[in-house]
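Peer 1: Provided herewith: entry_7.txt, compact mmCIF, C-alpha atoms.
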# COMPACT_ATOMS: atom_id res chain seq x y z
CA MET A 1 14.15 -34.99 13.22
CA PRO A 2 11.97 -35.70 10.13
CA SER A 3 12.64 -39.44 10.48
CA THR A 4 10.39 -39.38 13.57
CA VAL A 5 7.48 -38.00 11.56
CA PRO A 6 5.41 -40.92 10.25
CA VAL A 7 4.29 -39.22 7.04
CA SER A 8 5.90 -38.24 3.72
CA GLU A 9 8.15 -35.19 3.68
CA ALA A 10 5.68 -33.16 1.65
CA VAL A 11 2.98 -33.35 4.27
CA PRO A 12 4.55 -31.72 7.35
CA ARG A 13 5.94 -28.95 5.15
CA ASP A 14 2.44 -28.13 3.91
CA VAL A 15 0.96 -28.60 7.39
CA LEU A 16 3.38 -25.98 8.74
CA LEU A 17 2.58 -23.51 5.95
CA LYS A 18 -1.15 -23.95 6.45
CA ALA A 19 -0.74 -23.56 10.22
CA ALA A 20 1.20 -20.29 9.74
CA ALA A 21 -1.52 -18.95 7.44
CA ASP A 22 -4.26 -19.98 9.87
CA VAL A 23 -2.53 -18.33 12.83
CA MET A 24 -2.11 -15.08 10.86
CA ILE A 25 -5.77 -15.08 9.90
CA GLU A 26 -6.89 -15.86 13.48
CA GLN A 27 -4.70 -13.16 15.01
CA GLN A 28 -5.16 -10.69 12.15
CA SER A 29 -1.42 -10.16 12.30
CA ILE A 30 1.61 -11.36 10.39
CA ASP A 31 3.72 -11.07 13.53
CA ILE A 32 3.42 -14.69 14.71
CA SER A 33 5.81 -16.92 16.63
CA LEU A 34 7.28 -20.32 15.88
CA SER A 35 5.62 -21.73 18.98
CA GLU A 36 2.18 -20.59 17.75
CA ILE A 37 2.85 -22.28 14.41
CA ALA A 38 3.96 -25.44 16.25
CA ARG A 39 0.88 -25.44 18.49
CA LYS A 40 -1.50 -24.91 15.55
CA SER A 41 0.14 -27.59 13.41
CA GLY A 42 0.61 -30.12 16.18
CA LEU A 43 4.21 -30.47 14.97
CA ASN A 44 7.50 -29.69 16.67
CA SER A 45 8.82 -26.20 15.90
CA ALA A 46 12.21 -27.76 15.12
CA LEU A 47 10.62 -28.95 11.88
CA VAL A 48 10.43 -25.31 10.76
CA LYS A 49 14.23 -25.18 10.93
CA TYR A 50 14.45 -28.49 9.06
CA TYR A 51 12.17 -27.51 6.21
CA PHE A 52 12.63 -23.73 5.96
CA GLY A 53 15.85 -22.84 7.82
CA ASN A 54 14.05 -20.30 10.00
CA LYS A 55 10.83 -18.32 10.31
CA SER A 56 11.80 -15.97 7.47
CA GLY A 57 12.23 -18.99 5.24
CA LEU A 58 8.79 -20.25 6.19
CA LEU A 59 7.18 -16.86 5.51
CA LEU A 60 8.88 -16.65 2.12
CA ALA A 61 7.73 -20.18 1.24
CA LEU A 62 4.19 -19.22 2.28
CA VAL A 63 4.13 -16.14 0.05
CA LEU A 64 5.59 -18.01 -2.93
CA LYS A 65 3.11 -20.86 -2.48
CA THR A 66 0.23 -18.38 -2.23
CA THR A 67 1.22 -16.29 -5.24
CA GLY A 68 2.80 -18.99 -7.43
CA PRO A 69 -0.40 -20.25 -9.09
CA SER A 70 -1.54 -16.67 -9.85
CA VAL A 71 1.80 -15.81 -11.41
CA ALA A 72 1.65 -18.95 -13.57
CA GLN A 73 -1.92 -18.09 -14.63
CA LEU A 74 -0.89 -14.54 -15.53
CA ARG A 75 1.92 -15.87 -17.73
CA GLU A 76 -0.56 -18.07 -19.59
CA LEU A 77 -3.08 -15.23 -19.77
CA ALA A 78 -0.53 -12.96 -21.47
CA ASP A 79 -0.20 -15.50 -24.32
CA MET A 80 -3.91 -16.29 -24.73
CA PRO A 81 -5.69 -15.43 -28.01
CA ILE A 82 -8.05 -12.87 -26.46
CA SER A 83 -8.00 -9.08 -26.65
CA ALA A 84 -5.61 -7.07 -24.47
CA ASP A 85 -8.41 -5.31 -22.58
CA LYS A 86 -9.95 -8.68 -21.61
CA LYS A 87 -6.51 -9.75 -20.38
CA ILE A 88 -6.24 -6.68 -18.14
CA ARG A 89 -9.74 -7.37 -16.77
CA LEU A 90 -8.82 -10.97 -15.95
CA HIS A 91 -5.50 -9.90 -14.45
CA ILE A 92 -7.17 -7.38 -12.11
CA ARG A 93 -9.78 -9.95 -11.09
CA GLY A 94 -7.03 -12.50 -10.45
CA MET A 95 -4.99 -10.21 -8.21
CA ILE A 96 -7.96 -9.05 -6.16
CA SER A 97 -9.30 -12.60 -5.82
CA ASN A 98 -5.97 -13.87 -4.55
CA TYR A 99 -5.79 -11.15 -1.88
CA PHE A 100 -9.39 -11.93 -0.96
CA ARG A 101 -8.70 -15.66 -0.59
CA HIS A 102 -5.58 -15.09 1.52
CA PRO A 103 -6.25 -12.26 3.98
CA PHE A 104 -2.68 -12.28 5.30
CA LEU A 105 -1.04 -12.08 1.89
CA ASN A 106 -1.17 -8.35 1.35
CA ARG A 107 0.47 -7.38 4.61
CA LEU A 108 3.01 -10.17 4.39
CA LEU A 109 4.04 -9.10 0.90
CA LEU A 110 4.31 -5.47 1.89
CA PHE A 111 6.43 -6.42 4.89
CA MET A 112 8.76 -8.52 2.74
CA LEU A 113 9.08 -5.98 -0.07
CA ASN A 114 10.00 -3.35 2.54
CA ASP A 115 12.63 -5.48 4.18
CA GLN A 116 15.79 -3.40 4.06
CA ASP A 117 18.09 -6.31 4.92
CA GLY A 118 17.40 -7.99 1.60
CA ILE A 119 16.37 -11.31 3.11
CA TYR A 120 13.44 -11.65 0.73
CA ALA A 121 14.25 -9.26 -2.12
CA GLU A 122 16.04 -11.64 -4.47
CA ARG A 123 13.51 -14.49 -4.44
CA LEU A 124 10.49 -12.17 -4.52
CA THR A 125 11.97 -10.19 -7.42
CA GLU A 126 12.71 -13.36 -9.40
CA GLU A 127 9.53 -15.26 -8.72
CA LEU A 128 6.94 -12.53 -8.32
CA VAL A 129 7.84 -8.96 -9.34
CA LEU A 130 9.68 -9.70 -12.60
CA PRO A 131 7.25 -12.30 -14.01
CA VAL A 132 4.26 -10.06 -13.22
CA ALA A 133 5.96 -6.96 -14.66
CA ARG A 134 6.95 -8.90 -17.80
CA ALA A 135 3.43 -10.22 -18.39
CA GLN A 136 1.93 -6.76 -17.86
CA ARG A 137 4.41 -5.22 -20.31
CA GLN A 138 3.56 -7.88 -22.89
CA ILE A 139 -0.19 -7.21 -22.54
CA LEU A 140 0.25 -3.42 -22.63
CA GLU A 141 2.48 -3.59 -25.72
CA GLU A 142 0.09 -5.96 -27.45
CA GLY A 143 -2.78 -3.59 -26.63
CA ALA A 144 -0.87 -0.61 -28.05
CA ARG A 145 0.08 -2.58 -31.17
CA THR A 146 -3.52 -3.62 -31.81
CA GLY A 147 -4.78 -0.07 -31.30
CA ILE A 148 -6.76 -0.83 -28.11
CA PHE A 149 -4.50 0.96 -25.61
CA LYS A 150 -2.69 4.27 -25.55
CA PRO A 151 1.03 3.87 -24.96
CA VAL A 152 1.38 3.19 -21.23
CA ASP A 153 4.60 3.08 -19.20
CA PRO A 154 4.66 -0.51 -17.86
CA MET A 155 6.56 0.42 -14.69
CA LEU A 156 4.11 3.18 -13.73
CA PHE A 157 1.25 0.81 -14.57
CA TYR A 158 2.79 -1.84 -12.30
CA PHE A 159 2.91 0.50 -9.30
CA HIS A 160 -0.53 1.94 -10.00
CA LEU A 161 -2.20 -1.44 -10.28
CA SER A 162 -0.34 -3.06 -7.37
CA GLY A 163 -1.19 -0.13 -5.10
CA ALA A 164 -4.80 -0.03 -6.20
CA CYS A 165 -5.24 -3.76 -5.55
CA ASP A 166 -3.38 -3.58 -2.24
CA ALA A 167 -5.30 -0.68 -0.78
CA LEU A 168 -8.52 -2.48 0.07
CA PHE A 169 -6.64 -5.35 1.72
CA HIS A 170 -4.23 -3.61 4.11
CA GLY A 171 -6.51 -4.86 6.85
CA GLY A 172 -6.37 -1.40 8.28
CA THR A 173 -8.80 0.69 10.23
CA THR A 174 -9.90 2.89 7.30
CA LEU A 175 -12.68 0.61 6.05
CA LYS A 176 -14.09 0.23 9.55
CA TYR A 177 -13.74 3.73 10.99
CA GLY A 178 -13.62 5.83 7.85
CA PHE A 179 -16.46 4.12 5.99
CA ALA A 180 -18.30 2.13 8.68
CA VAL A 181 -17.74 -1.17 6.81
CA ASP A 182 -17.03 -4.03 9.20
CA VAL A 183 -16.40 -6.86 6.77
CA LEU A 184 -14.70 -7.00 3.39
CA ASP A 185 -17.15 -9.48 1.83
CA GLU A 186 -17.62 -11.00 -1.61
CA THR A 187 -19.98 -8.20 -2.71
CA LEU A 188 -17.53 -5.43 -1.83
CA LYS A 189 -14.70 -7.38 -3.46
CA GLU A 190 -16.74 -7.66 -6.68
CA ARG A 191 -17.62 -3.96 -6.62
CA TYR A 192 -13.94 -3.13 -6.27
CA VAL A 193 -12.99 -5.41 -9.17
CA GLU A 194 -15.58 -3.68 -11.36
CA HIS A 195 -14.47 -0.21 -10.24
CA LEU A 196 -10.82 -0.96 -10.99
CA CYS A 197 -11.53 -2.63 -14.35
CA SER A 198 -13.73 0.25 -15.42
CA THR A 199 -11.35 3.00 -14.25
CA PHE A 200 -8.22 1.36 -15.56
CA LEU A 201 -9.66 0.33 -18.91
CA SER A 202 -11.47 3.45 -19.87
CA GLY A 203 -8.23 5.14 -18.90
CA ILE A 204 -5.91 3.19 -21.10
CA CYS A 205 -8.23 2.35 -24.02
CA GLN A 206 -8.25 4.76 -26.96
CA ALA A 207 -11.54 6.62 -27.09
CA GLY A 208 -13.79 5.09 -29.75
CA MET B 1 11.33 19.76 32.81
CA PRO B 2 10.34 22.37 30.16
CA SER B 3 11.26 25.15 32.61
CA THR B 4 14.90 24.20 32.11
CA VAL B 5 14.63 24.76 28.36
CA PRO B 6 15.55 28.35 27.55
CA VAL B 7 13.18 28.69 24.59
CA SER B 8 9.44 28.99 24.03
CA GLU B 9 7.33 25.82 24.34
CA ALA B 10 6.65 25.72 20.61
CA VAL B 11 10.27 25.39 19.68
CA PRO B 12 11.41 22.17 21.40
CA ARG B 13 8.17 20.50 20.28
CA ASP B 14 8.97 21.29 16.65
CA VAL B 15 12.64 20.44 17.14
CA LEU B 16 11.65 16.97 18.39
CA LEU B 17 9.27 16.39 15.45
CA LYS B 18 11.90 17.49 12.95
CA ALA B 19 14.51 15.28 14.63
CA ALA B 20 12.18 12.26 14.43
CA ALA B 21 11.56 12.91 10.72
CA ASP B 22 15.29 13.34 10.05
CA VAL B 23 16.20 10.11 11.85
CA MET B 24 13.56 8.20 9.86
CA ILE B 25 14.89 9.58 6.59
CA GLU B 26 18.53 8.84 7.56
CA GLN B 27 17.78 5.29 8.65
CA GLN B 28 15.17 4.65 5.94
CA SER B 29 13.03 3.16 8.69
CA ILE B 30 10.12 4.31 10.85
CA ASP B 31 11.32 2.04 13.65
CA ILE B 32 13.35 4.61 15.57
CA SER B 33 14.08 4.98 19.28
CA LEU B 34 13.54 7.82 21.72
CA SER B 35 17.28 7.99 22.36
CA GLU B 36 17.96 8.49 18.64
CA ILE B 37 15.42 11.32 18.56
CA ALA B 38 17.05 12.84 21.65
CA ARG B 39 20.56 12.57 20.17
CA LYS B 40 19.48 14.12 16.85
CA SER B 41 17.55 16.96 18.51
CA GLY B 42 20.12 17.67 21.21
CA LEU B 43 17.22 17.61 23.68
CA ASN B 44 16.47 15.31 26.60
CA SER B 45 14.22 12.39 25.68
CA ALA B 46 12.10 13.21 28.74
CA LEU B 47 10.76 16.14 26.70
CA VAL B 48 9.05 13.63 24.42
CA LYS B 49 7.01 12.45 27.40
CA TYR B 50 6.26 16.06 28.35
CA TYR B 51 5.08 17.18 24.92
CA PHE B 52 3.65 13.99 23.43
CA GLY B 53 3.03 11.53 26.27
CA ASN B 54 5.11 8.82 24.59
CA LYS B 55 6.66 7.82 21.27
CA SER B 56 3.27 6.93 19.77
CA GLY B 57 2.07 10.44 20.60
CA LEU B 58 5.10 11.93 18.88
CA LEU B 59 4.60 9.80 15.76
CA LEU B 60 0.92 10.77 15.60
CA ALA B 61 1.81 14.46 15.98
CA LEU B 62 4.37 14.09 13.20
CA VAL B 63 1.86 12.54 10.80
CA LEU B 64 -0.79 15.15 11.59
CA LYS B 65 1.70 17.98 11.17
CA THR B 66 2.89 16.51 7.87
CA THR B 67 -0.57 15.90 6.41
CA GLY B 68 -2.48 18.82 8.00
CA PRO B 69 -1.63 21.48 5.41
CA SER B 70 -2.50 19.11 2.54
CA VAL B 71 -5.84 18.25 4.10
CA ALA B 72 -6.64 21.95 4.58
CA GLN B 73 -5.66 22.64 0.95
CA LEU B 74 -7.86 19.81 -0.30
CA ARG B 75 -10.84 21.21 1.62
CA GLU B 76 -10.31 24.60 -0.05
CA LEU B 77 -9.76 22.94 -3.42
CA ALA B 78 -13.12 21.16 -3.20
CA ASP B 79 -14.87 24.55 -2.92
CA MET B 80 -12.91 26.36 -5.62
CA PRO B 81 -14.66 27.64 -8.76
CA ILE B 82 -12.77 25.36 -11.17
CA SER B 83 -13.94 22.24 -12.99
CA ALA B 84 -14.10 18.90 -11.17
CA ASP B 85 -11.49 17.26 -13.41
CA LYS B 86 -8.99 20.05 -12.63
CA LYS B 87 -9.70 19.48 -8.93
CA ILE B 88 -8.90 15.77 -9.24
CA ARG B 89 -5.65 16.61 -11.07
CA LEU B 90 -4.61 19.03 -8.34
CA HIS B 91 -5.61 16.56 -5.64
CA ILE B 92 -3.49 13.77 -7.16
CA ARG B 93 -0.55 16.14 -7.57
CA GLY B 94 -0.94 17.30 -3.96
CA MET B 95 -0.95 13.76 -2.52
CA ILE B 96 2.05 12.62 -4.53
CA SER B 97 3.99 15.79 -3.77
CA ASN B 98 3.43 15.41 -0.05
CA TYR B 99 4.69 11.81 -0.09
CA PHE B 100 7.66 12.97 -2.16
CA ARG B 101 8.52 15.76 0.29
CA HIS B 102 8.25 13.48 3.32
CA PRO B 103 9.81 10.11 2.47
CA PHE B 104 8.83 8.58 5.82
CA LEU B 105 5.17 9.58 5.61
CA ASN B 106 3.84 6.73 3.54
CA ARG B 107 5.21 3.95 5.72
CA LEU B 108 4.33 5.76 8.91
CA LEU B 109 0.73 6.23 7.79
CA LEU B 110 0.43 2.61 6.70
CA PHE B 111 1.80 1.46 10.04
CA MET B 112 -0.65 3.64 11.96
CA LEU B 113 -3.67 2.73 9.86
CA ASN B 114 -2.85 -0.94 10.44
CA ASP B 115 -2.49 -0.60 14.16
CA GLN B 116 -4.94 -3.11 15.59
CA ASP B 117 -4.82 -1.66 19.11
CA GLY B 118 -6.56 1.49 17.96
CA ILE B 119 -3.94 3.87 19.37
CA TYR B 120 -4.05 6.03 16.26
CA ALA B 121 -7.36 5.14 14.60
CA GLU B 122 -9.59 7.79 16.14
CA ARG B 123 -7.40 10.84 15.50
CA LEU B 124 -6.34 9.69 12.03
CA THR B 125 -9.96 9.00 11.08
CA GLU B 126 -11.11 12.41 12.31
CA GLU B 127 -8.27 14.51 11.00
CA LEU B 128 -7.20 12.70 7.85
CA VAL B 129 -9.43 9.93 6.48
CA LEU B 130 -12.83 11.59 6.91
CA PRO B 131 -11.89 15.08 5.65
CA VAL B 132 -10.15 13.59 2.60
CA ALA B 133 -13.04 11.21 1.89
CA ARG B 134 -15.56 14.06 2.25
CA ALA B 135 -13.69 16.37 -0.11
CA GLN B 136 -13.31 13.59 -2.69
CA ARG B 137 -17.03 12.80 -2.47
CA GLN B 138 -17.88 16.47 -2.97
CA ILE B 139 -15.65 16.71 -6.07
CA LEU B 140 -16.95 13.44 -7.54
CA GLU B 141 -20.59 14.44 -6.99
CA GLU B 142 -19.97 17.88 -8.46
CA GLY B 143 -18.30 16.23 -11.48
CA ALA B 144 -21.26 13.89 -11.98
CA ARG B 145 -23.73 16.77 -11.59
CA THR B 146 -21.91 18.87 -14.17
CA GLY B 147 -21.73 15.98 -16.63
CA ILE B 148 -17.92 15.63 -16.49
CA PHE B 149 -17.71 12.37 -14.53
CA LYS B 150 -19.54 9.07 -14.64
CA PRO B 151 -21.11 8.16 -11.31
CA VAL B 152 -18.21 6.90 -9.17
CA ASP B 153 -18.42 5.21 -5.77
CA PRO B 154 -16.47 7.60 -3.49
CA MET B 155 -15.32 4.85 -1.13
CA LEU B 156 -13.90 2.70 -3.92
CA PHE B 157 -12.30 5.82 -5.41
CA TYR B 158 -10.73 6.60 -2.02
CA PHE B 159 -9.06 3.19 -1.78
CA HIS B 160 -8.02 3.18 -5.43
CA LEU B 161 -6.41 6.63 -5.27
CA SER B 162 -4.77 6.14 -1.86
CA GLY B 163 -3.30 2.83 -2.95
CA ALA B 164 -2.12 4.20 -6.28
CA CYS B 165 -0.40 7.16 -4.61
CA ASP B 166 1.08 4.96 -1.88
CA ALA B 167 2.56 2.33 -4.13
CA LEU B 168 5.52 4.29 -5.47
CA PHE B 169 6.50 5.44 -1.98
CA HIS B 170 6.53 2.25 0.07
CA GLY B 171 10.29 2.58 0.01
CA GLY B 172 10.42 -1.06 -0.90
CA THR B 173 12.78 -3.10 -2.96
CA THR B 174 10.56 -3.28 -6.07
CA LEU B 175 11.75 -0.06 -7.68
CA LYS B 176 15.39 -1.01 -7.16
CA TYR B 177 15.40 -4.73 -7.92
CA GLY B 178 12.33 -5.06 -10.12
CA PHE B 179 12.94 -2.01 -12.31
CA ALA B 180 16.60 -1.11 -11.71
CA VAL B 181 15.68 2.40 -10.51
CA ASP B 182 17.89 3.52 -7.62
CA VAL B 183 16.37 6.89 -6.81
CA LEU B 184 12.80 8.14 -6.81
CA ASP B 185 13.60 11.59 -8.21
CA GLU B 186 11.58 14.62 -9.29
CA THR B 187 11.35 13.38 -12.89
CA LEU B 188 9.93 10.00 -11.89
CA LYS B 189 7.54 11.68 -9.46
CA GLU B 190 6.26 13.95 -12.24
CA ARG B 191 5.84 11.01 -14.63
CA TYR B 192 3.80 9.20 -12.00
CA VAL B 193 1.60 12.25 -11.39
CA GLU B 194 0.90 12.48 -15.13
CA HIS B 195 0.26 8.73 -15.43
CA LEU B 196 -2.22 8.78 -12.53
CA CYS B 197 -4.01 11.93 -13.69
CA SER B 198 -4.34 10.58 -17.19
CA THR B 199 -5.49 7.08 -16.14
CA PHE B 200 -7.87 8.28 -13.46
CA LEU B 201 -9.40 11.10 -15.49
CA SER B 202 -9.93 9.39 -18.77
CA GLY B 203 -11.43 6.64 -16.67
CA ILE B 204 -13.98 8.71 -14.88
CA CYS B 205 -14.69 11.40 -17.46
CA GLN B 206 -17.57 10.78 -19.85
CA ALA B 207 -16.26 10.12 -23.33
CA GLY B 208 -16.53 13.26 -25.51
Produce structure tokens that represent the structure in this file.
Peer 2:
Amino acid sequence: MPSTVPVSEAVPRDVLLKAAADVMIEQQSIDISLSEIARKSGLNSALVKYYFGNKSGLLLALVLKTTGPSVAQLRELADMPISADKKIRLHIRGMISNYFRHPFLNRLLLFMLNDQDGIYAERLTEELVLPVARAQRQILEEGARTGIFKPVDPMLFYFHLSGACDALFHGGTTLKYGFAVDVLDETLKERYVEHLCSTFLSGICQAG
Amino acid sequence: MPSTVPVSEAVPRDVLLKAAADVMIEQQSIDISLSEIARKSGLNSALVKYYFGNKSGLLLALVLKTTGPSVAQLRELADMPISADKKIRLHIRGMISNYFRHPFLNRLLLFMLNDQDGIYAERLTEELVLPVARAQRQILEEGARTGIFKPVDPMLFYFHLSGACDALFHGGTTLKYGFAVDVLDETLKERYVEHLCSTFLSGICQAG
């Protein structure tokens, strides 16, 4: 099948991933069909099977592609010669910004991490959960060692921060009906980053 | 149909709700069928239509029944003659404890709040989101007035706290595969309550 596609292998793969993301954003739903992806991409849906095995494989590839650069950045951040509180600030900003850039990401991740059949668990654990948890632990331990942070349980911190970052991006009805906010725009995103940085940091920094 | 049931109207309604909750807990999924609810309850699935209209109506009734007492308690808490920081502590403990008692609640709520067709939005907004947001605002404003809290945006606080409380209870694979924890038990629940209280409060309380 790919021999009939007159472009390099890398291109249709990326075209399919971008089409899937675009359809999710358009429909405000992660529940999309192969035929919608095919229509949007202008490619045959059989290519999904060729490149990703099936739709689950495509969704997993999309999440890993969308989170991969952030995970790599966080790993570098953990080793940078700046103070631990600055690292936490940059980490929070990075997570929120990635959700903001990719409006489907939050719901897709939640769906995959809740999958009881274990289709996604292994890859997501290896490539997302563990590297993020390790980098957070390193930053928290460094902060405790340098006297900036109280001792903080890295696992509890992981759940607290993930949940806090997630909450604004569930795409749910709360923002609209509960708070009369129609659009999650750049200004609101920035206010949330500042709120989280301020609440988290004053919480885990030793008082002067 | 109800005339064939030899008990008061209140009883089969509650039996159906309890059966739905039990099936969700057994199957670790909120995606349950009317026939499973009927089998578990020993009642005819036509009673679901009679009491709740359809399955969505039953799920909504279950969420409102499960969150109602907590919402009423929070309203009373907001008016109690204790300090604002104690109120936030009790509020966090109350939210976490309710999720802990009802393992299906978190996913069910998330599902309903993400429903784009608006089946659940109006009732959930009226009976859950708005009362909780109002009580939180009252406590935060009281805390700022009495010099205990910094000024905090109540909407951002709402998302931060909801997300933080949610995260441990998604029932996902992160706890198991990411942190090798098989069971979310009482001890872990208590550690999370303490972590959240400590992080939130030291974050929003004015430094000595």
Peer 1: When distances are computed from only C-alpha atoms, which of B:Ser97, B:Asn114, B:Thr187, B:Gln138 shows the smallest separation from chain A?
Peer 2: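 When distances to chain A are compared using only C-alpha atoms, the smallest one comes from B:Asn114.
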Peer 1: Taking (-17.8, 4.0, 4.0) in the file's own coordinates, collect the residues within 9 Å, counting only C-alpha atoms, and hand them back as a ChimeraX atom specification.
Peer 2: /A:174-181 /B:133,154-156
Peer 1: If you measure from CA of Gly172 (chain B) to CA of Asp117 (chain A), what distance in Å do you get, rounded to one decimal?
Peer 2: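 Between CA of Gly172 (chain B) and CA of Asp117 (chain A) the gap works out to 11.0 Å.
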Peer 1: Counting all atoms listed in the file, which residue out of A:Cys197, A:Ala84, A:Ala38, A:Ala19 sits closest to Ala135 (chain A)?
Peer 2: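 Using all atoms listed in the file, the shortest distance to Ala135 (chain A) belongs to A:Ala84.
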Peer 1: Pick out the residues sitting within 12 Å of region 199-202 of chain A, and hand them over as a ChimeraX atom specification; count only C-alpha atoms, and ignore anything fewer than 6 positions along from it in its own chain.
Peer 2: /A:84-92,140,143,148-150,152,157-158,160-161,164-165,192-193,208 /B:149-153,156-157,160-161,164,195-207
Peer 1: Using C-alpha atoms, can you export the residues from the last selection as an mmCIF file, in the coordinates of the input?
Peer 2:
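The resulting result_4.cif:
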data_model
loop_
_atom_site.group_PDB
_atom_site.id
_atom_site.type_symbol
_atom_site.label_atom_id
_atom_site.label_comp_id
_atom_site.auth_asym_id
_atom_site.auth_seq_id
_atom_site.Cartn_x
_atom_site.Cartn_y
_atom_site.Cartn_z
ATOM 1 C CA ALA A 84 -5.610 -7.070 -24.470
ATOM 2 C CA ASP A 85 -8.410 -5.310 -22.580
ATOM 3 C CA LYS A 86 -9.950 -8.680 -21.610
ATOM 4 C CA LYS A 87 -6.510 -9.750 -20.380
ATOM 5 C CA ILE A 88 -6.240 -6.680 -18.140
ATOM 6 C CA ARG A 89 -9.740 -7.370 -16.770
ATOM 7 C CA LEU A 90 -8.820 -10.970 -15.950
ATOM 8 C CA HIS A 91 -5.500 -9.900 -14.450
ATOM 9 C CA ILE A 92 -7.170 -7.380 -12.110
ATOM 10 C CA LEU A 140 0.250 -3.420 -22.630
ATOM 11 C CA GLY A 143 -2.780 -3.590 -26.630
ATOM 12 C CA ILE A 148 -6.760 -0.830 -28.110
ATOM 13 C CA PHE A 149 -4.500 0.960 -25.610
ATOM 14 C CA LYS A 150 -2.690 4.270 -25.550
ATOM 15 C CA VAL A 152 1.380 3.190 -21.230
ATOM 16 C CA PHE A 157 1.250 0.810 -14.570
ATOM 17 C CA TYR A 158 2.790 -1.840 -12.300
ATOM 18 C CA HIS A 160 -0.530 1.940 -10.000
ATOM 19 C CA LEU A 161 -2.200 -1.440 -10.280
ATOM 20 C CA ALA A 164 -4.800 -0.030 -6.200
ATOM 21 C CA CYS A 165 -5.240 -3.760 -5.550
ATOM 22 C CA TYR A 192 -13.940 -3.130 -6.270
ATOM 23 C CA VAL A 193 -12.990 -5.410 -9.170
ATOM 24 C CA GLY A 208 -13.790 5.090 -29.750
ATOM 25 C CA PHE B 149 -17.710 12.370 -14.530
ATOM 26 C CA LYS B 150 -19.540 9.070 -14.640
ATOM 27 C CA PRO B 151 -21.110 8.160 -11.310
ATOM 28 C CA VAL B 152 -18.210 6.900 -9.170
ATOM 29 C CA ASP B 153 -18.420 5.210 -5.770
ATOM 30 C CA LEU B 156 -13.900 2.700 -3.920
ATOM 31 C CA PHE B 157 -12.300 5.820 -5.410
ATOM 32 C CA HIS B 160 -8.020 3.180 -5.430
ATOM 33 C CA LEU B 161 -6.410 6.630 -5.270
ATOM 34 C CA ALA B 164 -2.120 4.200 -6.280
ATOM 35 C CA HIS B 195 0.260 8.730 -15.430
ATOM 36 C CA LEU B 196 -2.220 8.780 -12.530
ATOM 37 C CA CYS B 197 -4.010 11.930 -13.690
ATOM 38 C CA SER B 198 -4.340 10.580 -17.190
ATOM 39 C CA THR B 199 -5.490 7.080 -16.140
ATOM 40 C CA PHE B 200 -7.870 8.280 -13.460
ATOM 41 C CA LEU B 201 -9.400 11.100 -15.490
ATOM 42 C CA SER B 202 -9.930 9.390 -18.770
ATOM 43 C CA GLY B 203 -11.430 6.640 -16.670
ATOM 44 C CA ILE B 204 -13.980 8.710 -14.880
ATOM 45 C CA CYS B 205 -14.690 11.400 -17.460
ATOM 46 C CA GLN B 206 -17.570 10.780 -19.850
ATOM 47 C CA ALA B 207 -16.260 10.120 -23.330
#
Peer 1: Record the distance separating CA of Asn54 (chain A) and CA of Val71 (chain A), expressed in Å with one decimal.
Peer 2: 25.1 Å
Peer 1: Record the distance separating CA of Glu76 (chain A) and CA of Arg123 (chain A), expressed in Å with one decimal.
Peer 2: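 If I compute the distance from CA of Glu76 (chain A) to CA of Arg123 (chain A), I get 21.0 Å.
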Peer 1: Near Lys65 (chain A), counting all atoms listed in the file, which residues have an atom at most 12 Å away, once you skip same-chain residues fewer than 3 positions from it, shown as a list in words?
Peer 2: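 Here the qualifying residues turn out to be Arg13, Asp14, Leu17, Lys18, Ala21, Leu58, Leu59, Leu60, Ala61, Leu62, Gly68, Pro69, Ser70, Val71, Ala72, Asn98, His102, Leu105, Leu124, Glu127 and Leu128 of chain A.
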Peer 1: Save out the residues we just selected, C-alpha atoms, as an mmCIF file, keeping the file's coordinate frame.
Peer 2:
data_model
loop_
_atom_site.group_PDB
_atom_site.id
_atom_site.type_symbol
_atom_site.label_atom_id
_atom_site.label_comp_id
_atom_site.auth_asym_id
_atom_site.auth_seq_id
_atom_site.Cartn_x
_atom_site.Cartn_y
_atom_site.Cartn_z
ATOM 1 C CA ARG A 13 5.940 -28.950 5.150
ATOM 2 C CA ASP A 14 2.440 -28.130 3.910
ATOM 3 C CA LEU A 17 2.580 -23.510 5.950
ATOM 4 C CA LYS A 18 -1.150 -23.950 6.450
ATOM 5 C CA ALA A 21 -1.520 -18.950 7.440
ATOM 6 C CA LEU A 58 8.790 -20.250 6.190
ATOM 7 C CA LEU A 59 7.180 -16.860 5.510
ATOM 8 C CA LEU A 60 8.880 -16.650 2.120
ATOM 9 C CA ALA A 61 7.730 -20.180 1.240
ATOM 10 C CA LEU A 62 4.190 -19.220 2.280
ATOM 11 C CA GLY A 68 2.800 -18.990 -7.430
ATOM 12 C CA PRO A 69 -0.400 -20.250 -9.090
ATOM 13 C CA SER A 70 -1.540 -16.670 -9.850
ATOM 14 C CA VAL A 71 1.800 -15.810 -11.410
ATOM 15 C CA ALA A 72 1.650 -18.950 -13.570
ATOM 16 C CA ASN A 98 -5.970 -13.870 -4.550
ATOM 17 C CA HIS A 102 -5.580 -15.090 1.520
ATOM 18 C CA LEU A 105 -1.040 -12.080 1.890
ATOM 19 C CA LEU A 124 10.490 -12.170 -4.520
ATOM 20 C CA GLU A 127 9.530 -15.260 -8.720
ATOM 21 C CA LEU A 128 6.940 -12.530 -8.320
#
Peer 1: Every residue with an atom at most 10 Å from (6.7, 11.9, -4.2) (file coordinates; only C-alpha atoms) is what I'm after, so could you write them as a PyMOL selection string?
Peer 2: chain B and resi 93-103+106+165-166+168-169+184-190+192-193
Peer 1: Looking at only C-alpha atoms, which of B:Ile82, B:Gln27, B:Lys40, B:Val183 is the one that sits closest to chain A?
Peer 2: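 Looking at the shortest contact to chain A, the residue is B:Gln27.
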